[in-house]
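Shown here: data_25.txt, compact mmCIF, C-alpha atoms.
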```txt
# COMPACT_ATOMS: atom_id res chain seq x y z
CA MET A 1 115.98 110.13 201.31
CA SER A 2 119.00 107.87 201.13
CA MET A 3 120.55 109.07 197.93
CA GLN A 4 123.10 107.02 196.09
CA ALA A 5 126.29 108.44 194.71
CA PRO A 6 124.92 110.46 191.79
CA SER A 7 126.19 108.75 188.71
CA PRO A 8 124.49 107.95 185.39
CA SER A 9 124.81 104.24 186.01
CA ALA A 10 122.50 104.51 188.99
CA PHE A 11 119.73 105.40 186.59
CA LYS A 12 119.77 102.12 184.73
CA PRO A 13 116.88 99.68 185.15
CA ALA A 14 117.08 97.58 188.23
CA PRO A 15 116.25 93.90 188.09
CA GLN A 16 113.26 93.46 190.38
CA GLY A 17 111.51 90.37 191.58
CA ALA A 18 108.00 90.88 190.28
CA VAL A 19 108.71 93.13 187.37
CA ALA A 20 109.86 92.02 183.96
CA THR A 21 108.70 94.51 181.40
CA SER A 22 110.52 94.51 178.10
CA HIS A 23 109.38 96.75 175.31
CA GLU A 24 111.37 95.96 172.20
CA PRO A 25 110.80 97.98 169.03
CA GLY A 26 107.91 96.55 167.01
CA GLY A 27 108.97 94.37 164.08
CA ILE A 28 107.99 95.04 160.48
CA GLY A 29 105.96 91.85 159.98
CA VAL A 30 103.63 92.43 162.92
CA ARG A 31 103.22 96.05 161.93
CA LEU A 32 102.20 95.01 158.42
CA VAL A 33 99.48 92.76 159.86
CA ALA A 34 98.38 95.63 162.10
CA LEU A 35 98.19 97.85 159.01
CA ILE A 36 95.91 95.34 157.28
CA ILE A 37 93.60 95.16 160.32
CA ASP A 38 93.47 98.95 160.45
CA GLY A 39 92.66 99.00 156.75
CA VAL A 40 89.68 96.72 157.35
CA VAL A 41 88.46 98.82 160.27
CA VAL A 42 88.76 102.12 158.42
CA GLY A 43 87.09 100.47 155.43
CA ILE A 44 84.14 99.44 157.60
CA VAL A 45 83.75 103.07 158.69
CA ASN A 46 84.36 104.54 155.24
CA TYR A 47 82.21 102.22 153.19
CA PRO A 48 78.74 103.25 154.48
CA ILE A 49 79.64 106.92 154.10
CA SER A 50 80.66 106.45 150.49
CA MET A 51 77.56 104.37 149.92
CA VAL A 52 75.28 107.09 151.25
CA LEU A 53 77.04 109.73 149.16
CA MET A 54 76.83 107.64 145.99
CA SER A 55 73.12 107.01 146.60
CA ALA A 56 72.64 110.74 147.06
CA PHE A 57 74.36 111.22 143.73
CA GLY A 58 72.11 108.64 142.11
CA LEU A 59 69.08 110.42 143.50
CA SER A 60 70.32 113.79 142.26
CA ALA A 61 70.92 112.32 138.82
CA THR A 62 67.28 111.25 138.52
CA ILE A 63 65.92 114.51 139.90
CA ASP A 64 68.18 116.83 137.93
CA PRO A 65 69.59 115.08 134.84
CA ASN A 66 71.25 118.27 133.55
CA ASN A 67 73.93 118.53 136.20
CA VAL A 68 75.12 114.93 136.26
CA PRO A 69 78.85 115.45 135.51
CA ALA A 70 79.19 118.32 138.00
CA ASN A 71 77.43 116.34 140.72
CA TYR A 72 79.50 113.29 139.95
CA PHE A 73 82.77 115.09 140.45
CA ALA A 74 81.50 116.80 143.57
CA VAL A 75 80.55 113.45 145.09
CA GLN A 76 83.80 111.80 144.03
CA GLY A 77 85.79 114.68 145.52
CA LEU A 78 83.84 114.40 148.74
CA ILE A 79 84.47 110.66 148.93
CA MET A 80 88.19 111.18 148.35
CA LEU A 81 88.27 113.84 151.05
CA ILE A 82 86.48 111.58 153.50
CA SER A 83 88.79 108.67 152.77
CA LEU A 84 91.67 111.00 153.67
CA ILE A 85 90.09 112.49 156.77
CA VAL A 86 88.62 109.36 158.37
CA PRO A 87 91.97 107.51 158.74
CA ALA A 88 93.59 110.67 160.10
CA LEU A 89 90.87 111.14 162.73
CA TYR A 90 90.95 107.45 163.55
CA ALA A 91 94.72 107.46 164.05
CA GLY A 92 94.70 110.74 165.97
CA TYR A 93 92.00 109.58 168.36
CA PHE A 94 93.45 106.17 169.09
CA TYR A 95 97.11 107.19 169.30
CA SER A 96 96.36 110.01 171.71
CA ARG A 97 93.81 108.18 173.87
CA LYS A 98 94.92 104.55 173.81
CA GLY A 99 98.47 104.74 172.45
CA ALA A 100 97.63 102.37 169.61
CA THR A 101 95.14 101.93 166.79
CA LEU A 102 92.91 98.86 166.91
CA GLY A 103 95.18 96.89 164.58
CA LYS A 104 98.26 97.75 166.63
CA MET A 105 96.41 96.82 169.81
CA ALA A 106 95.48 93.46 168.36
CA MET A 107 99.11 92.78 167.51
CA GLY A 108 100.36 93.97 170.91
CA LEU A 109 102.02 97.15 169.63
CA LYS A 110 102.03 100.69 170.91
CA VAL A 111 103.06 104.02 169.43
CA VAL A 112 104.86 106.33 171.85
CA ASP A 113 106.87 109.52 171.77
CA ALA A 114 110.46 108.50 170.97
CA ASN A 115 111.85 110.83 173.63
CA ASP A 116 109.72 110.35 176.70
CA GLY A 117 107.49 107.35 176.03
CA THR A 118 104.18 109.15 176.51
CA ASN A 119 101.30 108.93 174.06
CA ILE A 120 101.64 111.22 171.08
CA SER A 121 99.12 114.04 170.70
CA PHE A 122 96.05 113.95 168.45
CA MET A 123 97.60 116.17 165.80
CA ARG A 124 100.84 114.21 165.66
CA GLY A 125 98.95 110.94 165.49
CA ALA A 126 96.80 112.21 162.65
CA MET A 127 99.87 113.53 160.79
CA ARG A 128 101.76 110.27 161.27
CA ASP A 129 99.12 108.16 159.59
CA SER A 130 97.98 110.55 156.86
CA LEU A 131 100.75 112.81 155.62
CA GLY A 132 103.58 110.77 157.12
CA LYS A 133 102.55 107.48 155.56
CA MET A 134 101.87 109.19 152.25
CA VAL A 135 105.44 110.45 152.20
CA SER A 136 106.72 107.06 153.36
CA ALA A 137 104.95 105.36 150.47
CA LEU A 138 106.70 107.54 147.90
CA LEU A 139 109.68 106.07 146.00
CA PHE A 140 108.99 102.35 146.39
CA MET A 141 107.89 102.56 150.03
CA ILE A 142 111.35 103.71 151.05
CA GLY A 143 109.93 105.26 154.21
CA TYR A 144 108.55 101.91 155.33
CA LEU A 145 111.57 99.91 154.22
CA MET A 146 114.02 102.05 156.16
CA ALA A 147 112.38 100.81 159.37
CA MET A 148 113.80 97.39 158.54
CA PHE A 149 117.37 98.64 158.63
CA ARG A 150 117.18 100.83 161.70
CA LYS A 151 117.85 99.41 165.13
CA ASP A 152 114.93 101.27 166.68
CA LYS A 153 112.66 100.23 163.74
CA ARG A 154 111.43 103.74 163.03
CA GLY A 155 110.07 104.50 159.58
CA LEU A 156 110.06 107.89 157.90
CA HIS A 157 106.57 108.61 159.25
CA ASP A 158 107.89 107.84 162.75
CA LEU A 159 110.82 110.20 162.31
CA MET A 160 108.53 112.95 161.07
CA VAL A 161 106.56 113.09 164.32
CA THR A 162 109.26 111.67 166.65
CA SER A 163 107.26 108.56 167.44
CA GLN A 164 108.33 104.99 167.93
CA VAL A 165 106.50 101.65 167.75
CA ILE A 166 107.18 99.33 170.68
CA ARG A 167 105.73 96.06 171.94
CA SER A 168 103.14 96.79 174.59
CA LYS A 169 103.87 93.77 176.80
CA MET B 1 92.40 110.49 188.70
CA THR B 2 94.68 107.52 189.27
CA GLN B 3 92.44 106.68 192.19
CA SER B 4 89.80 105.51 189.77
CA LEU B 5 92.14 102.70 188.74
CA LEU B 6 91.98 101.22 192.20
CA LYS B 7 88.21 100.86 192.22
CA ASP B 8 87.14 98.42 189.59
CA GLU B 9 83.73 99.96 189.02
CA SER B 10 82.54 103.12 187.39
CA PRO B 11 80.63 105.43 189.72
CA THR B 12 77.97 106.18 187.11
CA ALA B 13 76.50 102.90 185.97
CA THR B 14 76.47 99.71 187.96
CA HIS B 15 74.16 96.77 187.93
CA ALA B 16 73.76 94.55 190.96
CA GLU B 17 72.52 91.01 190.68
CA ILE B 18 71.91 88.32 193.25
CA TYR B 19 72.84 84.69 192.78
CA ASP B 20 72.47 82.26 195.66
CA GLY B 21 72.61 85.08 198.17
CA LEU B 22 75.64 86.54 196.48
CA THR B 23 75.54 90.08 195.18
CA VAL B 24 77.63 90.81 192.14
CA THR B 25 78.11 94.27 190.75
CA HIS B 26 78.43 94.45 187.01
CA THR B 27 79.31 97.55 185.05
CA PRO B 28 77.55 97.47 181.69
CA ALA B 29 79.96 98.04 178.83
CA PRO B 30 79.91 101.61 177.45
CA HIS B 31 78.67 101.65 173.87
CA HIS B 32 81.77 103.15 172.30
CA VAL B 33 84.08 100.67 174.03
CA ARG B 34 81.98 97.82 172.69
CA LEU B 35 82.06 99.30 169.21
CA PHE B 36 85.85 99.57 169.32
CA ALA B 37 86.22 96.01 170.54
CA PHE B 38 83.87 94.79 167.81
CA LEU B 39 85.75 96.65 165.08
CA LEU B 40 89.03 95.22 166.37
CA ASP B 41 87.60 91.71 166.33
CA VAL B 42 86.20 92.05 162.83
CA GLY B 43 89.56 93.34 161.61
CA PHE B 44 91.39 90.55 163.40
CA ALA B 45 89.10 87.84 162.07
CA ALA B 46 89.45 89.39 158.61
CA ILE B 47 93.10 88.31 158.58
CA GLY B 48 91.95 84.69 158.78
CA THR B 49 89.30 85.31 156.15
CA TYR B 50 91.87 86.94 153.86
CA LEU B 51 94.17 83.93 154.04
CA PHE B 52 91.22 81.65 153.38
CA TYR B 53 90.20 83.72 150.36
CA ILE B 54 93.69 83.90 148.93
CA ILE B 55 94.00 80.13 149.09
CA GLY B 56 90.35 79.72 148.11
CA VAL B 57 90.56 81.91 145.03
CA SER B 58 93.60 80.07 143.70
CA VAL B 59 91.87 76.73 144.22
CA LEU B 60 88.71 78.23 142.72
CA THR B 61 90.47 79.24 139.55
CA ILE B 62 91.92 75.79 139.02
CA VAL B 63 88.73 73.92 139.88
CA ALA B 64 86.54 76.28 137.88
CA ALA B 65 88.76 75.93 134.85
CA GLY B 66 88.58 72.17 135.18
CA GLY B 67 84.84 72.37 135.75
CA ALA B 68 84.32 74.53 132.69
CA MET B 69 86.19 72.01 130.58
CA ALA B 70 84.09 69.19 131.98
CA ASP B 71 80.85 71.10 131.30
CA LYS B 72 81.97 71.88 127.81
CA GLY B 73 82.66 68.21 127.27
CA GLU B 74 78.99 67.53 127.91
CA GLY B 75 78.15 70.25 125.45
CA GLU B 76 76.08 72.38 127.85
CA VAL B 77 77.59 75.52 129.37
CA ALA B 78 80.59 77.30 127.95
CA GLY B 79 82.79 79.57 130.04
CA ILE B 80 84.05 79.45 133.59
CA PHE B 81 81.34 81.47 135.33
CA GLY B 82 78.46 79.23 134.44
CA SER B 83 80.09 76.00 135.50
CA THR B 84 78.62 74.15 138.47
CA ALA B 85 82.10 73.79 139.95
CA PHE B 86 82.47 77.57 139.96
CA VAL B 87 79.13 78.15 141.63
CA THR B 88 79.88 75.52 144.28
CA MET B 89 83.25 77.08 145.00
CA VAL B 90 81.76 80.55 145.37
CA ILE B 91 79.21 79.22 147.83
CA ILE B 92 82.01 77.48 149.76
CA LEU B 93 84.02 80.71 149.86
CA VAL B 94 81.13 82.82 151.13
CA LEU B 95 80.09 80.26 153.73
CA GLY B 96 83.72 79.72 154.72
CA GLY B 97 84.16 83.45 155.37
CA LEU B 98 81.08 83.46 157.58
CA VAL B 99 82.21 80.33 159.41
CA ILE B 100 85.66 81.77 160.11
CA ASN B 101 84.15 85.00 161.39
CA SER B 102 81.53 83.32 163.58
CA GLY B 103 83.92 80.58 164.62
CA TYR B 104 86.36 83.17 165.92
CA PHE B 105 83.69 84.78 168.11
CA ILE B 106 82.13 81.50 169.25
CA TYR B 107 85.43 79.78 170.05
CA ASN B 108 86.86 82.69 172.02
CA GLU B 109 83.69 83.56 173.89
CA TYR B 110 83.05 79.95 174.84
CA LYS B 111 86.64 79.22 175.84
CA LYS B 112 87.57 82.47 177.57
CA GLY B 113 84.38 84.51 177.82
CA MET B 114 85.97 87.15 175.65
CA THR B 115 87.45 87.74 172.24
CA VAL B 116 90.79 89.44 171.64
CA GLY B 117 89.11 92.82 171.23
CA LYS B 118 87.04 92.34 174.37
CA ARG B 119 90.14 91.36 176.36
CA LEU B 120 92.07 94.43 175.23
CA PHE B 121 89.18 96.74 176.09
CA GLY B 122 88.40 95.15 179.46
CA LEU B 123 85.12 93.56 178.38
CA ARG B 124 83.73 90.13 179.22
CA VAL B 125 80.59 88.25 178.32
CA VAL B 126 78.78 86.89 181.37
CA SER B 127 75.66 84.82 181.76
CA LEU B 128 73.02 86.61 183.81
CA ASP B 129 72.30 83.51 185.89
CA GLY B 130 75.86 83.69 187.20
CA ARG B 131 76.94 80.38 185.67
CA ARG B 132 79.54 79.70 183.05
CA LEU B 133 78.43 80.53 179.51
CA THR B 134 76.91 77.50 177.81
CA PHE B 135 77.74 76.66 174.22
CA GLY B 136 74.10 77.26 173.27
CA GLN B 137 74.19 80.79 174.67
CA VAL B 138 77.35 81.63 172.80
CA VAL B 139 76.02 80.29 169.50
CA LEU B 140 72.69 82.08 169.97
CA ARG B 141 74.52 85.34 170.68
CA ASP B 142 76.58 84.91 167.60
CA LEU B 143 73.70 84.03 165.29
CA LEU B 144 71.87 87.17 166.36
CA ARG B 145 75.02 89.19 165.72
CA LEU B 146 74.02 88.96 162.06
CA VAL B 147 70.82 90.84 162.93
CA ASP B 148 72.38 93.23 165.45
CA CYS B 149 75.47 94.25 163.59
CA TRP B 150 74.63 93.96 159.93
CA MET B 151 71.08 95.33 160.10
CA VAL B 152 72.24 97.77 162.79
CA ILE B 153 68.89 99.34 163.66
CA PRO B 154 67.28 96.57 165.79
CA GLY B 155 70.56 96.12 167.65
CA VAL B 156 70.92 99.82 168.35
CA ILE B 157 67.33 100.10 169.57
CA ALA B 158 67.84 97.14 171.91
CA LEU B 159 71.09 98.61 173.24
CA ILE B 160 69.49 101.93 174.06
CA MET B 161 66.28 100.50 175.46
CA ASN B 162 67.74 98.60 178.44
CA LYS B 163 69.96 99.68 181.26
CA GLU B 164 72.38 96.78 180.98
CA HIS B 165 73.27 97.62 177.39
CA ARG B 166 72.18 94.25 176.04
CA ARG B 167 71.73 93.83 172.35
CA LEU B 168 69.16 91.43 170.87
CA GLY B 169 71.59 88.52 171.03
CA ASP B 170 72.25 89.22 174.70
CA LEU B 171 68.53 89.47 175.46
CA VAL B 172 67.77 86.17 173.79
CA ALA B 173 70.76 84.29 175.22
CA GLY B 174 70.43 85.79 178.71
CA THR B 175 73.90 87.29 178.69
CA MET B 176 75.42 90.72 179.10
CA VAL B 177 78.79 92.34 178.41
CA VAL B 178 80.51 93.74 181.50
CA TYR B 179 83.30 96.27 181.60
CA SER B 180 86.29 96.73 183.88
CA PRO B 181 88.28 99.98 183.57
CA THR B 182 91.16 98.35 185.45
CA GLN B 183 91.42 95.58 182.90
CA GLU B 184 91.34 98.10 180.08
CA ALA B 185 94.09 100.19 181.70
CA LYS B 186 96.27 97.09 182.02
CA TRP B 187 97.90 97.69 178.63
CA SER B 188 98.84 101.30 179.35
CA PHE B 189 101.68 100.42 181.73
CA LEU B 190 105.25 100.67 180.53
CA TYR B 191 107.69 100.67 183.41
CA LEU B 192 105.90 98.46 185.92
CA ALA B 193 103.18 95.86 185.63
CA GLN B 194 99.79 97.19 186.68
CA ASP B 195 99.51 95.03 189.80
CA ASP B 196 102.88 96.20 191.10
CA TYR B 197 102.07 99.80 190.34
CA LEU B 198 98.79 99.64 192.22
CA VAL B 199 100.42 98.03 195.26
CA TYR B 200 103.13 100.72 195.32
CA PHE B 201 100.54 103.40 194.67
CA GLU B 202 98.56 102.46 197.74
CA LYS B 203 101.68 102.22 199.88
CA LEU B 204 103.38 105.42 198.73
CA ALA B 205 100.39 107.67 197.96
CA PRO B 206 102.22 109.88 195.43
CA LYS B 207 100.98 113.34 194.49
CA PRO B 208 99.66 113.86 190.96
CA VAL B 209 102.42 115.09 188.66
CA PRO B 210 101.70 117.92 186.19
CA PRO B 211 102.53 116.83 182.60
CA GLU B 212 105.46 119.26 182.18
CA ASP B 213 107.27 117.91 185.23
CA GLY B 214 106.38 114.36 184.34
CA LYS B 215 107.74 114.68 180.83
CA ALA B 216 110.93 116.27 182.13
CA PHE B 217 111.51 113.19 184.27
CA LEU B 218 110.48 110.78 181.53
CA ARG B 219 112.96 112.27 179.08
CA PHE B 220 115.57 110.58 181.23
CA ALA B 221 113.59 107.59 182.37
CA TYR B 222 112.30 106.42 178.97
CA PRO B 223 115.64 106.18 177.15
CA THR B 224 117.40 104.50 180.07
CA MET B 225 114.69 102.14 181.26
CA ILE B 226 112.75 101.29 178.10
CA SER B 227 114.53 102.08 174.85
CA ARG B 228 117.93 101.28 176.38
CA GLN B 229 119.84 104.19 174.92
CA ARG B 230 122.90 105.57 176.63
CA VAL B 231 121.92 108.96 177.95
CA ALA B 232 124.39 111.19 179.72
CA VAL B 233 122.89 112.33 183.01
CA SER B 234 124.94 115.04 184.65
CA ASP B 235 125.28 115.11 188.42
CA ALA B 236 123.18 118.26 188.62
CA ASP B 237 120.43 116.61 186.55
CA PHE B 238 120.56 113.53 188.71
CA GLU B 239 120.16 115.62 191.87
CA ARG B 240 117.26 117.46 190.30
CA LEU B 241 115.51 114.24 189.26
CA ASN B 242 115.93 112.69 192.69
CA ALA B 243 114.63 115.88 194.28
CA MET B 244 111.61 115.60 192.00
CA VAL B 245 110.97 112.06 193.18
CA ALA B 246 111.30 113.15 196.80
CA HIS B 247 108.89 116.02 196.20
CA TYR B 248 106.11 114.05 194.55
CA VAL B 249 106.56 110.84 196.56
CA PRO B 250 107.16 112.14 200.10
CA ASN B 251 106.68 108.67 201.65
CA GLY B 252 109.26 107.14 199.34
CA ALA B 253 112.29 107.53 201.59
CA ALA B 254 110.63 105.89 204.57
CA SER B 255 109.12 103.04 202.57
CA GLY B 256 112.32 101.01 202.39
CA LEU B 257 112.10 100.80 198.62
CA SER B 258 115.45 100.90 196.86
CA PRO B 259 116.12 104.20 195.02
CA ASP B 260 116.10 102.35 191.71
CA ASP B 261 112.69 100.83 192.35
CA LEU B 262 111.41 104.16 193.58
CA ARG B 263 112.56 105.91 190.41
CA ARG B 264 110.97 103.19 188.34
CA PHE B 265 107.69 103.57 190.18
CA PHE B 266 107.85 107.33 189.82
CA ALA B 267 108.51 106.97 186.09
CA GLU B 268 105.36 104.88 185.76
CA HIS B 269 103.47 107.41 187.85
CA CYS B 270 104.62 110.26 185.57
CA HIS B 271 103.70 108.12 182.56
CA GLN B 272 100.18 107.50 183.87
CA CYS B 273 99.68 111.16 184.80
CA ALA B 274 100.95 112.44 181.45
CA ASN B 275 98.76 110.06 179.45
CA ARG B 276 95.59 110.86 181.32
CA ARG B 277 93.83 113.59 179.44
CA PRO B 278 91.30 115.98 180.99
```
Could you show the structure in this file as structure tokens?
Amino acid sequence: MSMQAPSPSAFKPAPQGAVATSHEPGGIGVRLVALIIDGVVVGIVNYPISMVLMSAFGLSATIDPNNVPANYFAVQGLIMLISLIVPALYAGYFYSRKGATLGKMAMGLKVVDANDGTNISFMRGAMRDSLGKMVSALLFMIGYLMAMFRKDKRGLHDLMVTSQVIRSK
Amino acid sequence: MTQSLLKDESPTATHAEIYDGLTVTHTPAPHHVRLFAFLLDVGFAAIGTYLFYIIGVSVLTIVAAGGAMADKGEGEVAGIFGSTAFVTMVIILVLGGLVINSGYFIYNEYKKGMTVGKRLFGLRVVSLDGRRLTFGQVVLRDLLRLVDCWMVIPGVIALIMNKEHRRLGDLVAGTMVVYSPTQEAKWSFLYLAQDDYLVYFEKLAPKPVPPEDGKAFLRFAYPTMISRQRVAVSDADFERLNAMVAHYVPNGAASGLSPDDLRRFFAEHCHQCANRRP
């Protein structure tokens, strides 16, 4: 193979006729819209589950009127747990398989590993959107806001799992 | 593995149809892909509905307040909620939401044969007679979406019952949703466009790269080619990376491709191999 003089500059992207792929970091505005779309999608999945659980509670209340408070808290706890788990599974699945959740896809964004550009794993994806975003939302959304001031537009939840949001085309 | 990208049909399920002596092979859309595309579309259309509601609710408040005053003037109904203006506005809001949602599907399917979600997941609505979708078909499909998607059960039964995965709306309108894995994979390319990658792939016939090797290469390729960071690559590293390219793309040297282009192709190849999960 005809090897060039080995120097770091030889590794830089070459301008090529047919190829013009630029993947800038994803802006905050588009990501906010993506977040809203994801919220709707997760809501669509969550809502029937909560509905079924609440109906089960209603049924239990008529059958066994003595245990109403206990059942109520059990059902509420279950609903809270589900509303934590469903977004995590959703994010984990889509980040690891497709590289983007449905909202991010719609807005032409992609979440990749900040070091090598591959899709992040299921566990990291799930952590990013559940625990990571919870931490980011603390203290007046400081974790989200810091993405505005960074050149690579990474929020706290991105830093936690070494991910980065880029434009997909 | 990457070979499957070159053939635009899944080996499992295909559906052949004949139109004027022409045989077309359609792959029926897998159920989960269709569900994802639908969820994406509903979420996307919801943005429009949200904006409409935000504007609508502010107008509603003003109009309803005015309406309540007018009603009170006639000495009939007191309070905002009973006023005719309020009821009219609520009806307008509900209908408006439905119109935006349906309008999004109808407009996109009639104009392009696919919605945003369908495009991103490699789906397309086709008419079974092989012609362009008529406006009537698209509207019929969309009206029956109310039955298929919001009552769920009839739609699911219809989907399971036929081989072409047609829901009730498809059966009535004479349409089906076809799937192309190549189109879906189009968005997974980072370093090269899909078309270029496939042309190079056929020419160079690279070996599959195990994820560990691929990621080792990409740790240099991603910062330099995509995220544009300055990464120090020592001479030894550079030799090693070039040796890696030569090992996995044995035809590369003879192909006449410049070393830069070759590295870029190999980066995309590593990227594709690393992202493909067993």
Rank A:Ile166, A:Leu81, A:Ile120, A:Val111 by their smallest atom-to-atom distance to A:His23, using only C-alpha atoms, and report the top residue only.
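Smallest distance to A:His23 is found for A:Ile166.
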For chain B, which residues have at least one atom within 8 Å of chain A, if we go by only C-alpha atoms? Write them as a PyMOL selection string, please.
chain B and resi 36+39-40+42-44+46-47+116-117+120+187-188+190-193+196+215+218-227+231-235+238-239+242+246+252-254+259-261+264+271+274-275+277
Take the residues just selected and output them with C-alpha atoms as a tab-separated table (two decimals), in the frame of the given file.
```tsv
chain	number	residue	atom	x	y	z
B	36	PHE	CA	85.85	99.57	169.32
B	39	LEU	CA	85.75	96.65	165.08
B	40	LEU	CA	89.03	95.22	166.37
B	42	VAL	CA	86.20	92.05	162.83
B	43	GLY	CA	89.56	93.34	161.61
B	44	PHE	CA	91.39	90.55	163.40
B	46	ALA	CA	89.45	89.39	158.61
B	47	ILE	CA	93.10	88.31	158.58
B	116	VAL	CA	90.79	89.44	171.64
B	117	GLY	CA	89.11	92.82	171.23
B	120	LEU	CA	92.07	94.43	175.23
B	187	TRP	CA	97.90	97.69	178.63
B	188	SER	CA	98.84	101.30	179.35
B	190	LEU	CA	105.25	100.67	180.53
B	191	TYR	CA	107.69	100.67	183.41
B	192	LEU	CA	105.90	98.46	185.92
B	193	ALA	CA	103.18	95.86	185.63
B	196	ASP	CA	102.88	96.20	191.10
B	215	LYS	CA	107.74	114.68	180.83
B	218	LEU	CA	110.48	110.78	181.53
B	219	ARG	CA	112.96	112.27	179.08
B	220	PHE	CA	115.57	110.58	181.23
B	221	ALA	CA	113.59	107.59	182.37
B	222	TYR	CA	112.30	106.42	178.97
B	223	PRO	CA	115.64	106.18	177.15
B	224	THR	CA	117.40	104.50	180.07
B	225	MET	CA	114.69	102.14	181.26
B	226	ILE	CA	112.75	101.29	178.10
B	227	SER	CA	114.53	102.08	174.85
B	231	VAL	CA	121.92	108.96	177.95
B	232	ALA	CA	124.39	111.19	179.72
B	233	VAL	CA	122.89	112.33	183.01
B	234	SER	CA	124.94	115.04	184.65
B	235	ASP	CA	125.28	115.11	188.42
B	238	PHE	CA	120.56	113.53	188.71
B	239	GLU	CA	120.16	115.62	191.87
B	242	ASN	CA	115.93	112.69	192.69
B	246	ALA	CA	111.30	113.15	196.80
B	252	GLY	CA	109.26	107.14	199.34
B	253	ALA	CA	112.29	107.53	201.59
B	254	ALA	CA	110.63	105.89	204.57
B	259	PRO	CA	116.12	104.20	195.02
B	260	ASP	CA	116.10	102.35	191.71
B	261	ASP	CA	112.69	100.83	192.35
B	264	ARG	CA	110.97	103.19	188.34
B	271	HIS	CA	103.70	108.12	182.56
B	274	ALA	CA	100.95	112.44	181.45
B	275	ASN	CA	98.76	110.06	179.45
B	277	ARG	CA	93.83	113.59	179.44
```
In Å to one decimal, how far is atom CA of A:Ser50 from atom CA of A:Ile79?
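Atom CA of A:Ser50 lies at a distance of 5.9 Å from atom CA of A:Ile79.
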As number ranges by chain, please: the residues near A:Asp129 (cut-off 12 Å, only C-alpha atoms, same-chain neighbours under 4 positions excluded).
A: 35, 38-39, 84-95, 100-101, 111, 122-125, 133-137, 155-158, 160-161, 163
I need the chosen residues saved as a tab-separated table (two decimals), keeping the file's coordinate frame, with C-alpha atoms.
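Written file, selection.tsv:
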```tsv
chain	number	residue	atom	x	y	z
A	35	LEU	CA	98.19	97.85	159.01
A	38	ASP	CA	93.47	98.95	160.45
A	39	GLY	CA	92.66	99.00	156.75
A	84	LEU	CA	91.67	111.00	153.67
A	85	ILE	CA	90.09	112.49	156.77
A	86	VAL	CA	88.62	109.36	158.37
A	87	PRO	CA	91.97	107.51	158.74
A	88	ALA	CA	93.59	110.67	160.10
A	89	LEU	CA	90.87	111.14	162.73
A	90	TYR	CA	90.95	107.45	163.55
A	91	ALA	CA	94.72	107.46	164.05
A	92	GLY	CA	94.70	110.74	165.97
A	93	TYR	CA	92.00	109.58	168.36
A	94	PHE	CA	93.45	106.17	169.09
A	95	TYR	CA	97.11	107.19	169.30
A	100	ALA	CA	97.63	102.37	169.61
A	101	THR	CA	95.14	101.93	166.79
A	111	VAL	CA	103.06	104.02	169.43
A	122	PHE	CA	96.05	113.95	168.45
A	123	MET	CA	97.60	116.17	165.80
A	124	ARG	CA	100.84	114.21	165.66
A	125	GLY	CA	98.95	110.94	165.49
A	133	LYS	CA	102.55	107.48	155.56
A	134	MET	CA	101.87	109.19	152.25
A	135	VAL	CA	105.44	110.45	152.20
A	136	SER	CA	106.72	107.06	153.36
A	137	ALA	CA	104.95	105.36	150.47
A	155	GLY	CA	110.07	104.50	159.58
A	156	LEU	CA	110.06	107.89	157.90
A	157	HIS	CA	106.57	108.61	159.25
A	158	ASP	CA	107.89	107.84	162.75
A	160	MET	CA	108.53	112.95	161.07
A	161	VAL	CA	106.56	113.09	164.32
A	163	SER	CA	107.26	108.56	167.44
```
Can you tell me how far atom CA of A:Gly77 sits from atom CA of A:Pro48, in Å to one decimal?
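According to the coordinates, atom CA of A:Gly77 and atom CA of A:Pro48 are separated by 16.1 Å.
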For atom CA of B:Met151 and atom CA of B:Asn101, quote the distance in Å rounded to one decimal.
16.7 Å
Env of B:Leu143: 12 Å cut, atoms = all atoms listed in the file, seq-sep filter 5 positions within chain, self excluded. Answer as a tab-separated table (two decimals) with C-alpha atoms, in the frame of the given file.
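To be explicit, this is the file written out as out_11.tsv:
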```tsv
chain	number	residue	atom	x	y	z
B	98	LEU	CA	81.08	83.46	157.58
B	99	VAL	CA	82.21	80.33	159.41
B	101	ASN	CA	84.15	85.00	161.39
B	102	SER	CA	81.53	83.32	163.58
B	103	GLY	CA	83.92	80.58	164.62
B	105	PHE	CA	83.69	84.78	168.11
B	106	ILE	CA	82.13	81.50	169.25
B	136	GLY	CA	74.10	77.26	173.27
B	137	GLN	CA	74.19	80.79	174.67
B	138	VAL	CA	77.35	81.63	172.80
B	148	ASP	CA	72.38	93.23	165.45
B	149	CYS	CA	75.47	94.25	163.59
B	150	TRP	CA	74.63	93.96	159.93
B	168	LEU	CA	69.16	91.43	170.87
B	169	GLY	CA	71.59	88.52	171.03
B	170	ASP	CA	72.25	89.22	174.70
B	172	VAL	CA	67.77	86.17	173.79
B	173	ALA	CA	70.76	84.29	175.22
```
Any chance you could work out the axis-aligned box around stretch 107-117 of chain B, listed atoms only, 6 Å on each side, giving centre and edge lengths in Å to one decimal, as lines of an AutoDock Vina configuration file?
```
center_x = 86.9
center_y = 86.0
center_z = 173.9
size_x = 19.7
size_y = 25.6
size_z = 19.8
```
